[in-house]
Amino acid sequence: MLSAVQSIGGSIGVPVFGSVFFADARSGDFASGFRHALIAQSCLLAAFLAMTFLLPKKGRPEGEEFTAGEGADDEPRRAVA
């Protein structure tokens, strides 16, 4: 999951921040382009940092895993070791 999220973040982040940078760099103002790209990155970083507090405090108990088809009303299924 982590690898997938990192790949998606990289494939979306590079063009987005590149577009922000080159919008100003096109006129020859590279410092302004860099500054705007850095501000955009800082804002997104702060937003995602704030979202981390919405994650659950504890993970699943040891030996228990999610299986497709497990619903809210179903008895949790235990992993077979």
# chains A, B, ... in the order shown; residues from 1 in each chain; ligands from 1
>>> select_by_dssp(residues="chain A", states="alpha helix (DSSP H)", output="ChimeraX atom specification")
/A:2-25,30-52
>>> residues_around(residues="A:Val20", least_positions_apart="4", cutoff="12 Å", atoms="only C-alpha atoms", output="PyMOL selection string")
chain A and resi 13-16+24-26+30+32-41
